[in-house]
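> Dropping in entry_7.txt, which is compact mmCIF, C-alpha atoms:
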```
# COMPACT_ATOMS: atom_id res chain seq x y z
CA MET A 1 139.51 58.91 51.06
CA ALA A 2 136.55 59.38 53.39
CA PRO A 3 136.18 62.55 55.43
CA PHE A 4 137.32 62.60 59.03
CA ASP A 5 135.12 61.24 61.81
CA ILE A 6 136.62 63.39 64.54
CA ILE A 7 138.67 66.53 65.04
CA VAL A 8 140.59 67.03 68.26
CA ILE A 9 141.74 70.60 68.81
CA GLY A 10 144.28 71.39 71.50
CA GLY A 11 145.43 74.78 72.66
CA SER A 12 146.50 76.92 75.54
CA ALA A 13 147.33 80.60 75.89
CA GLY A 14 146.16 82.52 72.85
CA SER A 15 144.34 79.65 71.12
CA LEU A 16 140.75 80.83 71.55
CA ALA A 17 141.01 83.39 68.72
CA MET A 18 141.85 80.67 66.17
CA VAL A 19 139.10 78.38 67.48
CA LEU A 20 136.64 81.24 66.99
CA GLN A 21 137.77 81.42 63.35
CA ILE A 22 137.44 77.67 62.78
CA LEU A 23 133.99 77.08 64.31
CA PRO A 24 131.84 79.11 61.88
CA HIS A 25 133.15 76.90 59.05
CA LEU A 26 131.81 73.70 60.65
CA LYS A 27 128.47 72.99 58.98
CA THR A 28 125.87 70.37 59.78
CA ASP A 29 126.43 68.64 56.42
CA MET A 30 129.80 67.55 57.86
CA GLN A 31 129.45 64.28 59.76
CA VAL A 32 132.19 65.10 62.24
CA SER A 33 132.60 65.38 66.01
CA VAL A 34 134.97 67.82 67.70
CA ILE A 35 136.79 67.62 71.02
CA LEU A 36 138.36 70.82 72.36
CA VAL A 37 141.11 70.49 74.93
CA PHE A 38 142.04 73.86 76.41
CA HIS A 39 144.28 74.45 79.37
CA ARG A 40 141.77 76.22 81.57
CA ARG A 41 141.24 76.80 85.24
CA SER A 42 137.57 76.72 86.14
CA SER A 43 134.72 74.36 85.34
CA GLU A 44 132.38 76.97 86.75
CA ASP A 45 132.99 79.15 83.69
CA THR A 46 130.00 78.66 81.38
CA THR A 47 130.98 81.68 79.29
CA LEU A 48 133.18 79.49 77.07
CA ILE A 49 130.27 77.25 76.09
CA GLU A 50 128.06 80.28 75.44
CA LEU A 51 130.75 82.03 73.41
CA LEU A 52 131.45 78.99 71.24
CA SER A 53 127.74 78.20 70.79
CA HIS A 54 127.23 81.56 69.12
CA ARG A 55 129.94 80.75 66.54
CA THR A 56 128.78 77.36 65.24
CA GLU A 57 125.81 75.32 64.07
CA PHE A 58 127.07 72.41 66.21
CA GLU A 59 125.90 71.67 69.74
CA VAL A 60 128.55 72.72 72.29
CA LYS A 61 128.81 70.94 75.62
CA GLU A 62 131.28 70.09 78.35
CA VAL A 63 132.26 66.41 78.42
CA ASP A 64 130.36 64.21 80.85
CA GLU A 65 131.50 60.73 81.82
CA LYS A 66 130.44 58.13 79.21
CA ASP A 67 129.15 60.72 76.71
CA PRO A 68 128.68 58.95 73.36
CA ILE A 69 130.63 60.67 70.60
CA ARG A 70 128.09 62.03 68.12
CA PRO A 71 128.46 64.06 64.92
CA HIS A 72 127.64 67.77 65.09
CA VAL A 73 128.74 68.06 68.72
CA ILE A 74 131.71 70.00 70.08
CA TYR A 75 132.84 68.46 73.36
CA ILE A 76 134.89 70.66 75.68
CA ALA A 77 137.30 69.03 78.12
CA PRO A 78 136.39 70.10 81.64
CA ALA A 79 139.01 71.78 83.80
CA ASP A 80 141.13 69.37 85.84
CA TYR A 81 140.16 66.19 83.92
CA HIS A 82 141.95 64.35 81.14
CA VAL A 83 139.57 63.25 78.37
CA LEU A 84 139.96 59.73 76.99
CA ILE A 85 138.15 58.03 74.12
CA GLU A 86 136.98 54.49 74.79
CA LYS A 87 136.74 51.65 72.25
CA ASP A 88 132.93 51.96 72.30
CA HIS A 89 133.29 55.59 71.11
CA THR A 90 132.33 57.13 74.43
CA LEU A 91 134.29 59.71 76.39
CA SER A 92 135.69 59.15 79.84
CA LEU A 93 137.15 61.53 82.36
CA ASP A 94 140.38 60.80 84.20
CA VAL A 95 141.99 62.50 87.19
CA SER A 96 145.40 60.84 86.99
CA GLU A 97 148.53 62.96 87.35
CA LYS A 98 149.11 66.01 85.21
CA VAL A 99 150.96 65.58 81.92
CA ASN A 100 153.21 68.47 80.89
CA PHE A 101 151.96 70.21 84.04
CA CYS A 102 148.44 70.12 82.59
CA ARG A 103 145.11 68.46 83.25
CA PRO A 104 143.45 68.26 80.82
CA SER A 105 146.43 67.30 78.73
CA ILE A 106 146.30 67.65 74.96
CA ASP A 107 148.75 64.74 74.61
CA VAL A 108 146.43 62.39 76.51
CA THR A 109 143.44 63.13 74.26
CA PHE A 110 145.44 63.12 70.99
CA GLU A 111 146.95 59.73 71.90
CA SER A 112 143.61 58.27 72.95
CA ALA A 113 141.94 59.52 69.76
CA ALA A 114 144.77 58.13 67.63
CA ASP A 115 144.31 54.66 69.14
CA ILE A 116 140.59 54.62 68.33
CA TYR A 117 140.27 56.68 65.13
CA GLY A 118 143.62 56.33 63.33
CA LYS A 119 143.29 57.62 59.76
CA SER A 120 139.87 59.16 60.38
CA LEU A 121 141.36 61.58 62.95
CA MET A 122 142.36 65.20 62.40
CA CYS A 123 144.44 66.79 65.17
CA ILE A 124 144.84 70.55 65.36
CA LEU A 125 147.43 72.08 67.71
CA LEU A 126 147.17 75.81 68.35
CA SER A 127 148.86 78.59 70.33
CA GLY A 128 150.32 77.80 73.73
CA ALA A 129 153.23 78.18 76.13
CA ASN A 130 154.39 74.58 76.67
CA ALA A 131 155.04 71.44 74.61
CA ASP A 132 151.77 69.67 75.49
CA GLY A 133 150.33 68.13 72.34
CA VAL A 134 153.57 67.33 70.51
CA ARG A 135 153.84 63.74 71.77
CA GLY A 136 150.16 63.21 70.98
CA LEU A 137 150.61 64.55 67.45
CA LYS A 138 153.43 62.05 66.92
CA ALA A 139 151.13 59.22 68.07
CA ALA A 140 148.37 60.44 65.74
CA ARG A 141 150.80 60.69 62.81
CA ASP A 142 152.04 57.14 63.51
CA LYS A 143 148.42 55.89 63.28
CA GLY A 144 147.75 57.78 60.03
CA GLY A 145 146.03 60.85 61.49
CA PHE A 146 146.06 64.19 59.68
CA ILE A 147 148.19 66.78 61.51
CA VAL A 148 147.38 70.50 61.50
CA VAL A 149 149.47 73.01 63.45
CA GLN A 150 148.92 76.73 63.75
CA ASP A 151 151.68 78.67 62.04
CA PRO A 152 153.91 79.78 64.93
CA ALA A 153 154.28 83.18 63.22
CA SER A 154 150.51 83.75 63.56
CA ALA A 155 150.13 82.28 67.06
CA GLU A 156 149.71 84.63 69.99
CA VAL A 157 152.07 82.32 71.94
CA SER A 158 154.30 80.49 69.48
CA TYR A 159 156.05 77.95 71.74
CA MET A 160 153.58 75.07 71.43
CA PRO A 161 153.15 75.14 67.64
CA GLN A 162 156.88 75.83 67.19
CA GLN A 163 157.74 72.68 69.15
CA ALA A 164 155.40 70.68 66.90
CA THR A 165 156.78 72.04 63.62
CA GLU A 166 160.35 71.39 64.78
CA GLN A 167 159.68 67.81 65.88
CA LEU A 168 157.44 66.29 63.23
CA PRO A 169 156.12 66.73 59.70
CA VAL A 170 152.87 68.63 59.53
CA ASP A 171 150.16 68.07 56.91
CA LEU A 172 148.83 71.63 57.10
CA LEU A 173 150.26 74.80 58.64
CA LEU A 174 147.20 76.81 59.69
CA HIS A 175 147.00 80.59 59.65
CA ASP A 176 144.31 83.22 59.36
CA ASN A 177 144.27 83.19 55.57
CA ASN A 178 143.97 79.47 54.78
CA MET A 179 140.82 78.45 56.65
CA ASP A 180 139.32 77.38 53.29
CA VAL A 181 142.20 74.90 52.83
CA LEU A 182 141.45 73.42 56.26
CA MET A 183 137.78 73.03 55.35
CA ASP A 184 138.68 71.41 52.00
CA CYS A 185 140.85 68.90 53.87
CA LEU A 186 138.05 68.25 56.32
CA ARG A 187 135.49 67.62 53.56
CA SER A 188 137.75 65.48 51.37
CA GLY A 189 139.53 63.50 54.06
CA ARG A 190 143.02 64.70 53.15
CA GLY A 191 144.83 67.67 51.71
```
Could you rewrite the structure in this file as structure tokens?


Amino acid sequence: MAPFDIIVIGGSAGSLAMVLQILPHLKTDMQVSVILVFHRRSSEDTTLIELLSHRTEFEVKEVDEKDPIRPHVIYIAPADYHVLIEKDHTLSLDVSEKVNFCRPSIDVTFESAADIYGKSLMCILLSGANADGVRGLKAARDKGGFIVVQDPASAEVSYMPQQATEQLPVDLLLHDNNMDVLMDCLRSGRG
């Protein structure tokens, strides 16, 4: 099986610590793109881009309307916009109503990615305080996507990953000590 084309990572409260563990493992020999969907408040905050840039070889940028999806780039969902993936593999920004009280919504991006990428999609759901992401993981699983959920026992806020593990089968339960397993799955295309 071919490696994944795209990784979509969703998280809320407490998820940044795990993202900071994942990013150093992404190397430029991996032909993969990453979209990060965090529940965050301010687009004015450039510290997130700076912080993540220091942890990876990939370019880190906030999503702009019609950005083409390219390998070796980590796209960050801007505050107050849903991020959608178009059939031409560009990103679009949407200001429709909040989903699970959130904009950006993890569900919206997981579902959009599942429709376009199917089996070449890896979804990672991390720490958070609501159920955003669970419906999107189900959509990704239905299209053949690979589902990774942070172990609720290792999450700073366990509610979001707990909801996922209770509602659907997970391909990999992620915790601090199995980052190498995640990278093996990423390189091989499956676990």

> Residues of segment 58-121 of chain A that have any atom at most 10 Å from an atom of segment 135-153 of chain A: could you tabulate them with the shortest-distance atom pair and the distance in Å to one decimal, using all atoms listed in the file, ordered by chain and increasing number, as a Markdown table?


```
| residue | atom | partner | partner_atom | distance |
| --- | --- | --- | --- | --- |
| A:Ser105 | CA | A:Gly136 | CA | 9.5 |
| A:Ile106 | CA | A:Gly136 | CA | 7.1 |
| A:Asp107 | CA | A:Gly136 | CA | 4.2 |
| A:Val108 | CA | A:Gly136 | CA | 6.7 |
| A:Thr109 | CA | A:Gly136 | CA | 7.5 |
| A:Phe110 | CA | A:Gly136 | CA | 4.7 |
| A:Glu111 | CA | A:Gly136 | CA | 4.8 |
| A:Ser112 | CA | A:Gly136 | CA | 8.4 |
| A:Ala113 | CA | A:Ala140 | CA | 7.6 |
| A:Ala114 | CA | A:Ala140 | CA | 4.7 |
| A:Asp115 | CA | A:Lys143 | CA | 7.3 |
| A:Ile116 | CA | A:Lys143 | CA | 9.4 |
| A:Tyr117 | CA | A:Gly145 | CA | 8.0 |
| A:Gly118 | CA | A:Lys143 | CA | 4.8 |
| A:Lys119 | CA | A:Gly144 | CA | 4.5 |
| A:Ser120 | CA | A:Gly145 | CA | 6.5 |
| A:Leu121 | CA | A:Gly145 | CA | 4.9 |
```

> For segment 157-165 of chain A, list every protein, DNA or RNA residue within 9 Å, evaluated using all atoms listed in the file, and leave out those in the same chain fewer than 5 positions away; present the list as a ChimeraX atom specification.

/A:11-15,125-135,137-138,149-152,170,173

> Using all atoms listed in the file, determine which residues lie at most 6 Å from Ile35 of chain A, disregarding the query and same-chain residues fewer than 6 positions distant; provide the list as a list in words.

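The residues that qualify are Val8, Ile74, Tyr75 and Ile76 of chain A.
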
> With all atoms listed in the file as the basis for distance, which of A:Ile69, A:Leu186, A:Ile6, A:Met30 is at the shortest distance from His89 of chain A?

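Of A:Ile69, A:Leu186, A:Ile6, A:Met30, the one nearest His89 of chain A, counting all atoms listed in the file, is A:Ile69.
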
> For Glu156 of chain A, which residue among A:Asp5, A:Met18, A:Leu51, A:Val60 is the nearest when counting all atoms listed in the file?

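Under the stated criterion, the closest residue is A:Met18.
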
> Please compute the atom CA of Leu174 of chain A-atom CA of Thr90 of chain A distance, one decimal, in Å.

28.7 Å

> When you count all atoms listed in the file, which of these residues is closest to Val37 of chain A: A:Pro68, A:Val73, A:His82, A:Glu50?

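Closest candidate: A:His82.
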
> Between A:His175, A:Lys87, A:Arg190, A:Lys61, which residue has the minimum interatomic distance to Gln21 of chain A, considering all atoms listed in the file?

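Of all the options, A:His175 lies closest to Gln21 of chain A.
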
> Any idea what the distance is between atom CA of Ala155 of chain A and atom CA of Phe101 of chain A?

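Computing it gives 20.9 Å between the two atoms.
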
> Atom CA of Asp176 of chain A and atom CA of Pro3 of chain A, how far apart in Å?

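Between atom CA of Pro3 of chain A and atom CA of Asp176 of chain A the gap works out to 22.6 Å.
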
> Of the candidates A:Ala17, A:Ser53, A:Pro78, A:Leu23, which one gets nearest to His39 of chain A if we count only C-alpha atoms?

A:Pro78

> Could you check which of A:Pro24, A:Gly189, A:Pro104, A:Gly10 is closest to Ala77 of chain A, using all atoms listed in the file?

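The answer is A:Pro104, which sits nearest to Ala77 of chain A.
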
> Write out as an NGL selection string the residues lying within 8 Å of Asp64 of chain A, counting only C-alpha atoms and excluding same-chain residues fewer than 2 positions away.

:A and (62 or 66-67 or 91-93)
